[in-house]
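Notes follow once the structure below has been shown.
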Amino acid sequence: MNQTLVSYLSQYTFFDSLLALFGNNQGVLTFVIYLVFVLIIVGMCATIGGLGTYAERKISADLQLRIGPNRVGPYGLLQFLADGVKMITKEDVMPNSADKFLFYLAPLLALIGVFATLAVLPFSSGLAMADLNVGIFYLIAISSLVGVAVFLGGYASNSKWSMLGGLRGASQIISYEIPVTISILAITLIAGGMSFGTIVGAQKGSPINWFIFHNPFTFIGFFVYFIGALAETNRAPFDLPEAESELVSGYHTEYTGMRFGFFALAEYIEVFVVCGVGAALFLGGGNLPLPIEIDIIPVQLAQFAIFMTKALLLYYVVIWVRWTFPRLRVDQLMSICWKYLTPIAIFNLVGCAIWVVVFNGHSVAQILGGH
Amino acid sequence: MFIHILFILSATLTLAGAFGVLATKNIMHSCIFLLASLIGIAGLYATMGADFVAVTQIMVYVGGIVILMLFAVMLTGGKDFVSKAQNLLGLAPSMGNKFTYSMGLFVGLVFVLTNAKLLWSVAFSMSSNEVTEAYPSTVNELGHLLIKDHVLAFELSSVLLLGALVGAAIIARPRKQ
């Protein structure tokens with residue numbers, strides 16, 4: 001069964017009084033609940049994306065023994081708001097021979113693709129917009145809109161640099177989807193379902209039950225996923241599409257003001273989504289370390305906090321990696337994907353399948369514990 | 001009610017996208033309208049409870065086919081493809097000529113006439129109560145069907161795809177001088 005936010009909320013008593021408020025019209029109430037929570041989650045994730053730019057600058061400053069932004073607000077925390085205001089007030093320049101329609105559409109497509117993935121992100125066991133049966137599959141599918149957007153941004157600008165960046169971006173996103181998807185497939189094999197509820201629910205209890213520790217193959221699979229996800233979100237060391245030493249700024253070279261901001265925001269939110277998916281698939285998601293079965297609001301809040309902590313820690317690692325490793329060359333990028341990551345991911349998938357059959361789905365800890 | 005809103009939105013997106021594909025003169029724009037139309041179709045599948053088919057539609061068409069089309073158009077000179085074919089009546093969409101329009105009309109008529117009986121019965125027998133919000137999962141059933149009943153078709157299509165992959169590798173391989 002598909003679990004949605006509305007079906008989760010309907011088990012509480014205040015749902016009935018809400019229903020009465022809307023004249024017992026379930027359809028309208030469903031619509032209103034979704035609208036409110038979409039606004040909350042999109043607003044929250046946009047703030048995370050904005051703070052991501054701040055974190056990026058602050059952490060890079062730390063790694064390079066600088067201070068970083070420190071003027072706007074305490075510790076420079078409000079820097080991203082100042083940046084936003086600056087971007088909105090900037091002139092919206094469009095190249096003369098650009099394809100107007102596609103040029104305007106590309107940043108919006110990037111944002112749509114990223115925001116659509118938020119629908120299935122399991123913030124806690126109750127606070128997920130929709131726990132689809134095909135949750136993780138939906139996420140992989142809809143995030144390919146970002147690839148289209150990157151490509152279109154490069155094409156529509158009608159500039160050589162943008163075009164090269166867009167080409168690189170699209171081919172990179174398509175290529176790295178394969179190892180990422182295969183390593184996710186191994187997890188769905190073990191969990192026995194593609195919905196985030198099933199996957200996260202199978203990792204209840206202590207960290208030893210997390211899928212990353214399930215067997216040796218999933219342990220490798222996590223790193224394959226993480227590297228592939230870095231490349232899919234065009235983050236360093238795989239930021240070839242926007243390699244500033246070669247391509248000025250890649251597919252968003254010609255974008256100014258808030259349109260550039262949309263691309264940047266989409267990238268930062270996508271990094272958060274990817275980290276959240278990694279946390280949910282491999283690191284136990286929002287499960288409490290204690291076996292608490294009761295389902296009350298404080299438990300949900302604790303789950304939310306745990307999920308966010310894990311996702312943001314991974315986010316920190318992503319930024320850390322960016323400022324530590326040098327950029328790859330294009331041929332190295334493709335050979336890493338096709339000659340190393342994809343074979344390893346396929347090996348992991350076969351290994352997981354054999355493990356599930358031989359050990360009847362038990363994890364290493366369960367086998368050692370004598371199950 | 002909720003599902004009806006979603007149905008109307010998806011149907012509008014599908015039709016508007018399909019019209020856009022025909023109405024624009026720029027082939028890149030056609031690709032993007034096609035994208036919208038395909039997403040609308042995925043929405044239609046989703047409102048009918050075929051969740052796996054809906055997501056596969058997005059996966060295959062948005063993530064694969066449309067990007068492939070964009071690549072193909074761009075690498076073969078996207079801008080030069082602005083169509084110069086003659087317009088029917090001077091105001092109709094420009095991606096075809098009299099012959100293609102009359103063929104399209106003919107095929108459409110044949111399709112409607114052959115399926116009229118089926119469509120008629122479906123259109124008047126469907127009660128709105130059938131559409132509920134939660135559906136049982138179709139994924140497990142699909143998996144069983146693919147591996148048991150339709151395993152031959154499944155394997156044949158995978159051989160076909162393998163052949164396509166090998167062919168692409170042979171064509172793209174650098175030749176010895």
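All residue names refer to the structure tokens as shown: chains lettered A, B, ... in order, residues numbered from 1 in each chain, ligands numbered from 1 in order.
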
Residues within 10 Å of Leu301 (chain A), only C-alpha atoms, excluding chain neighbours under 3 positions, as a VMD selection string: chain A and resid 123 to 127 286 296 to 298 304 to 307

Export C-alpha atoms of the chosen residues as a CSV table (one decimal), in the first residue's frame?
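Okay, again30.csv is ready:
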chain,number,residue,atom,x,y,z
A,123,PHE,CA,12.5,12.8,6.8
A,124,SER,CA,10.9,10.6,9.4
A,125,SER,CA,8.6,7.6,9.4
A,126,GLY,CA,5.6,9.9,9.3
A,127,LEU,CA,6.9,13.0,7.6
A,286,GLY,CA,15.8,8.3,10.8
A,296,ILE,CA,4.1,9.8,19.1
A,297,ILE,CA,5.0,13.3,17.9
A,298,PRO,CA,8.3,13.6,19.9
A,304,PHE,CA,13.6,13.9,11.9
A,305,ALA,CA,16.6,15.2,13.9
A,306,ILE,CA,18.5,12.0,13.4
A,307,PHE,CA,17.9,11.9,9.7

Distance-based interface of chain B with chain A, 9 Å, counting only C-alpha atoms, as a PyMOL selection string: chain B and resi 1-3+28-29+32+51-52+54-60+62-64+66-67+70-71+74+133-140

Based on the selection just made, write N, CA and C atoms of those residues as a PDB file, in the first residue's frame.
ATOM      1  N   MET B   1     -11.877  13.102  -5.840  1.00  0.00           N
ATOM      2  CA  MET B   1     -11.749  14.551  -6.008  1.00  0.00           C
ATOM      3  C   MET B   1     -10.293  14.927  -6.251  1.00  0.00           C
ATOM      4  N   PHE B   2      -9.439  14.521  -5.304  1.00  0.00           N
ATOM      5  CA  PHE B   2      -8.012  14.815  -5.423  1.00  0.00           C
ATOM      6  C   PHE B   2      -7.447  14.158  -6.670  1.00  0.00           C
ATOM      7  N   ILE B   3      -7.844  12.884  -6.850  1.00  0.00           N
ATOM      8  CA  ILE B   3      -7.323  12.132  -7.994  1.00  0.00           C
ATOM      9  C   ILE B   3      -7.851  12.721  -9.299  1.00  0.00           C
ATOM     10  N   MET B  28      14.175  21.716 -31.483  1.00  0.00           N
ATOM     11  CA  MET B  28      14.563  21.598 -30.078  1.00  0.00           C
ATOM     12  C   MET B  28      13.365  21.869 -29.168  1.00  0.00           C
ATOM     13  N   HIS B  29      12.584  22.874 -29.539  1.00  0.00           N
ATOM     14  CA  HIS B  29      11.388  23.163 -28.739  1.00  0.00           C
ATOM     15  C   HIS B  29      10.418  21.990 -28.810  1.00  0.00           C
ATOM     16  N   ILE B  32      11.262  19.524 -26.243  1.00  0.00           N
ATOM     17  CA  ILE B  32      10.881  19.903 -24.882  1.00  0.00           C
ATOM     18  C   ILE B  32       9.385  19.737 -24.672  1.00  0.00           C
ATOM     19  N   ASP B  51       1.731   2.470 -10.731  1.00  0.00           N
ATOM     20  CA  ASP B  51       2.853   3.291 -10.278  1.00  0.00           C
ATOM     21  C   ASP B  51       4.156   2.921 -10.969  1.00  0.00           C
ATOM     22  N   PHE B  52       4.382   1.614 -11.114  1.00  0.00           N
ATOM     23  CA  PHE B  52       5.659   1.191 -11.699  1.00  0.00           C
ATOM     24  C   PHE B  52       5.755   1.637 -13.158  1.00  0.00           C
ATOM     25  N   ALA B  54       4.256   4.143 -14.500  1.00  0.00           N
ATOM     26  CA  ALA B  54       4.403   5.598 -14.537  1.00  0.00           C
ATOM     27  C   ALA B  54       5.865   5.988 -14.365  1.00  0.00           C
ATOM     28  N   VAL B  55       6.514   5.398 -13.357  1.00  0.00           N
ATOM     29  CA  VAL B  55       7.904   5.778 -13.088  1.00  0.00           C
ATOM     30  C   VAL B  55       8.810   5.295 -14.205  1.00  0.00           C
ATOM     31  N   THR B  56       8.498   4.095 -14.746  1.00  0.00           N
ATOM     32  CA  THR B  56       9.301   3.609 -15.867  1.00  0.00           C
ATOM     33  C   THR B  56       9.171   4.545 -17.066  1.00  0.00           C
ATOM     34  N   GLN B  57       7.966   5.062 -17.252  1.00  0.00           N
ATOM     35  CA  GLN B  57       7.742   6.030 -18.339  1.00  0.00           C
ATOM     36  C   GLN B  57       8.683   7.220 -18.182  1.00  0.00           C
ATOM     37  N   ILE B  58       8.765   7.757 -16.953  1.00  0.00           N
ATOM     38  CA  ILE B  58       9.658   8.903 -16.732  1.00  0.00           C
ATOM     39  C   ILE B  58      11.106   8.491 -16.930  1.00  0.00           C
ATOM     40  N   MET B  59      11.459   7.339 -16.355  1.00  0.00           N
ATOM     41  CA  MET B  59      12.845   6.850 -16.418  1.00  0.00           C
ATOM     42  C   MET B  59      13.290   6.706 -17.861  1.00  0.00           C
ATOM     43  N   VAL B  60      12.472   5.996 -18.651  1.00  0.00           N
ATOM     44  CA  VAL B  60      12.889   5.665 -20.013  1.00  0.00           C
ATOM     45  C   VAL B  60      12.815   6.891 -20.910  1.00  0.00           C
ATOM     46  N   VAL B  62      12.009  10.406 -20.190  1.00  0.00           N
ATOM     47  CA  VAL B  62      12.646  11.660 -19.787  1.00  0.00           C
ATOM     48  C   VAL B  62      14.148  11.467 -19.643  1.00  0.00           C
ATOM     49  N   GLY B  63      14.538  10.406 -18.937  1.00  0.00           N
ATOM     50  CA  GLY B  63      15.958  10.219 -18.662  1.00  0.00           C
ATOM     51  C   GLY B  63      16.716   9.676 -19.845  1.00  0.00           C
ATOM     52  N   GLY B  64      16.031   9.019 -20.764  1.00  0.00           N
ATOM     53  CA  GLY B  64      16.744   8.381 -21.860  1.00  0.00           C
ATOM     54  C   GLY B  64      16.431   8.967 -23.217  1.00  0.00           C
ATOM     55  N   VAL B  66      14.453  11.368 -24.478  1.00  0.00           N
ATOM     56  CA  VAL B  66      14.465  12.797 -24.814  1.00  0.00           C
ATOM     57  C   VAL B  66      15.891  13.334 -24.831  1.00  0.00           C
ATOM     58  N   ILE B  67      16.714  12.876 -23.867  1.00  0.00           N
ATOM     59  CA  ILE B  67      18.106  13.336 -23.867  1.00  0.00           C
ATOM     60  C   ILE B  67      18.810  12.854 -25.128  1.00  0.00           C
ATOM     61  N   LEU B  70      17.748  15.059 -27.917  1.00  0.00           N
ATOM     62  CA  LEU B  70      18.401  16.366 -27.843  1.00  0.00           C
ATOM     63  C   LEU B  70      19.834  16.263 -28.346  1.00  0.00           C
ATOM     64  N   PHE B  71      20.519  15.204 -27.904  1.00  0.00           N
ATOM     65  CA  PHE B  71      21.897  14.995 -28.340  1.00  0.00           C
ATOM     66  C   PHE B  71      21.958  14.862 -29.851  1.00  0.00           C
ATOM     67  N   MET B  74      21.257  18.111 -31.592  1.00  0.00           N
ATOM     68  CA  MET B  74      22.294  19.102 -31.432  1.00  0.00           C
ATOM     69  C   MET B  74      23.553  18.739 -32.230  1.00  0.00           C
ATOM     70  N   GLU B 133      -7.632   6.164  -3.209  1.00  0.00           N
ATOM     71  CA  GLU B 133      -6.336   6.809  -3.082  1.00  0.00           C
ATOM     72  C   GLU B 133      -5.177   5.847  -2.927  1.00  0.00           C
ATOM     73  N   ALA B 134      -5.420   4.715  -2.325  1.00  0.00           N
ATOM     74  CA  ALA B 134      -4.317   3.795  -2.099  1.00  0.00           C
ATOM     75  C   ALA B 134      -4.495   2.559  -2.979  1.00  0.00           C
ATOM     76  N   TYR B 135      -3.427   2.159  -3.606  1.00  0.00           N
ATOM     77  CA  TYR B 135      -3.466   0.993  -4.455  1.00  0.00           C
ATOM     78  C   TYR B 135      -2.517  -0.061  -3.902  1.00  0.00           C
ATOM     79  N   PRO B 136      -2.789  -1.325  -4.166  1.00  0.00           N
ATOM     80  CA  PRO B 136      -1.796  -2.340  -3.826  1.00  0.00           C
ATOM     81  C   PRO B 136      -0.597  -2.210  -4.759  1.00  0.00           C
ATOM     82  N   SER B 137       0.531  -2.677  -4.304  1.00  0.00           N
ATOM     83  CA  SER B 137       1.744  -2.535  -5.095  1.00  0.00           C
ATOM     84  C   SER B 137       1.668  -3.394  -6.350  1.00  0.00           C
ATOM     85  N   THR B 138       2.126  -2.817  -7.465  1.00  0.00           N
ATOM     86  CA  THR B 138       2.152  -3.590  -8.697  1.00  0.00           C
ATOM     87  C   THR B 138       3.532  -4.171  -8.967  1.00  0.00           C
ATOM     88  N   VAL B 139       4.497  -3.787  -8.123  1.00  0.00           N
ATOM     89  CA  VAL B 139       5.885  -4.128  -8.436  1.00  0.00           C
ATOM     90  C   VAL B 139       6.115  -5.634  -8.338  1.00  0.00           C
ATOM     91  N   ASN B 140       5.659  -6.237  -7.229  1.00  0.00           N
ATOM     92  CA  ASN B 140       5.909  -7.663  -7.028  1.00  0.00           C
ATOM     93  C   ASN B 140       5.278  -8.487  -8.142  1.00  0.00           C
TER      94      ASN B 140
END

Spatial neighbours of region 233-245 of chain A, 7 Å, only C-alpha atoms, chain gap at least 6 places, as a ChimeraX atom specification: /A:165-166,168-169,251,267,270-271,322,325-328,330
